[in-house]
Amino acid sequence: MLESIDTEQRLTELEHALARRFASPSTAATHVADSGGLAINVSWISASSDMSILDARCALAIEFGSHVFARYAALNTAARLRFQAQLCDAASATVHQQRTVHGAGQCNASLTVDQRMLDAAAQAV
């Protein structure tokens with residue numbers, strides 16, 4: 001029981017950190033989990049219009065392998081906060097790169113979180 005509560009809490013931490021990074025009036029962060037891992041999807045309005053149906057939306061899919069998320073969940077609070085900052089920086093850089101390569105209107109991207117990001121957060125002092 002405690003493990004599932006911790007898992008939900010860890011997911012919520014990541015969703016909140018990402019929602020703050022891509023803040024807009026309708027930012028949404030959701031997750032989908034299956035036996036192969038976890039995906040957090042973040043969407044936000046990049047440019048608003050007079051009619052909401054014409055708002056330009058961006059989306060970012062962040063994929064974690066099951067072992068990667070489990071390792072994140074086991075980190076202490078300070079290391080999780082470092083990882084959240086690194087993840088948000090990587091997410092911003094991924095979206096920026098997508099816009100640079102494909103134009104300002106193209107801001108749908110994906111990011112795969114790997115063990116190296118967790119190692120950096122765990123070892124930083």
# chains A, B, ... in the order shown; residues from 1 in each chain; ligands from 1

$ select_by_dssp --residues "chain A" --states "helix (DSSP H, G or I)" --output "number ranges by chain"
A: 2-21, 52-54, 66-74, 77-102, 115-123

$ residues_around --residues "Trp44 in chain A" --least-positions-apart "3" --cutoff "7 Å" --atoms "only C-alpha atoms" --output "ChimeraX atom specification"
/A:22,24,26-28,57-59

$ write_last_selection --atoms "C-alpha atoms" --output "CSV table (one decimal), in the first residue's frame"
chain,number,residue,atom,x,y,z
A,22,PHE,CA,5.2,25.0,-19.4
A,24,SER,CA,-0.3,28.5,-19.5
A,26,SER,CA,-4.7,25.4,-19.6
A,27,THR,CA,-1.5,23.3,-19.1
A,28,ALA,CA,-2.3,19.7,-18.5
A,57,ARG,CA,-1.2,23.9,-28.5
A,58,CYS,CA,2.0,22.2,-27.8
A,59,ALA,CA,2.6,18.7,-26.5

$ residues_around --residues "Tyr72 in chain A" --least-positions-apart "6" --cutoff "10 Å" --atoms "only C-alpha atoms" --output "PyMOL selection string"
chain A and resi 7+10-11+64+79-80+83-84+115+117-119+121-122

$ write_last_selection --atoms "C-alpha atoms" --output "PDB file, in the first residue's frame"
ATOM      1  CA  THR A   7       4.413   6.043  -6.655  1.00  0.00           C
ATOM      2  CA  ARG A  10       6.237  10.777  -7.208  1.00  0.00           C
ATOM      3  CA  LEU A  11       4.117  11.007 -10.365  1.00  0.00           C
ATOM      4  CA  PHE A  64      10.395   6.477 -18.639  1.00  0.00           C
ATOM      5  CA  ALA A  79      17.987  14.217  -5.417  1.00  0.00           C
ATOM      6  CA  ARG A  80      14.371  14.156  -6.678  1.00  0.00           C
ATOM      7  CA  PHE A  83      16.170  15.485 -11.104  1.00  0.00           C
ATOM      8  CA  GLN A  84      12.961  17.498 -11.530  1.00  0.00           C
ATOM      9  CA  GLN A 115      19.595   6.259 -16.434  1.00  0.00           C
ATOM     10  CA  MET A 117      19.808  11.731 -15.914  1.00  0.00           C
ATOM     11  CA  LEU A 118      19.075   9.886 -12.682  1.00  0.00           C
ATOM     12  CA  ASP A 119      22.758   9.220 -12.071  1.00  0.00           C
ATOM     13  CA  ALA A 121      20.786  13.859  -9.940  1.00  0.00           C
ATOM     14  CA  ALA A 122      21.792  11.158  -7.455  1.00  0.00           C
TER      15      ALA A 122
END

$ select_by_dssp --residues "chain A" --states "strand (DSSP E or B)" --output "MDAnalysis selection string"
chainID A and resid 28:34 37:47 56:65 108:113

$ residues_around --residues "Ala93 in chain A" --least-positions-apart "6" --cutoff "12 Å" --atoms "only C-alpha atoms" --output "count of residues only"
11

$ closest_residue --among "A:Ala39, A:Val113, A:Ala85, A:Ala33" --to "Ala61 in chain A" --atoms "only C-alpha atoms"
A:Ala39

$ atom_distance --atom1 "CA of Leu38 in chain A" --atom2 "CA of Leu81 in chain A"
19.1 Å

$ residues_around --residues "Gly65 in chain A" --least-positions-apart "2" --cutoff "9 Å" --atoms "only C-alpha atoms" --output "list in words"
Gly36, Gly37, Leu38, Ala39, Glu63, His67, Val68, Phe69, Ala70, Thr112, Val113 and Asp114 of chain A

$ closest_residue --among "A:Leu75, A:Ala56, A:Ser66, A:Thr94" --to "Ser35 in chain A" --atoms "only C-alpha atoms"
A:Ser66

$ atom_distance --atom1 "CA of Arg71 in chain A" --atom2 "CA of Ser92 in chain A"
22.7 Å

$ atom_distance --atom1 "CA of Ala74 in chain A" --atom2 "CA of Val95 in chain A"
27.9 Å
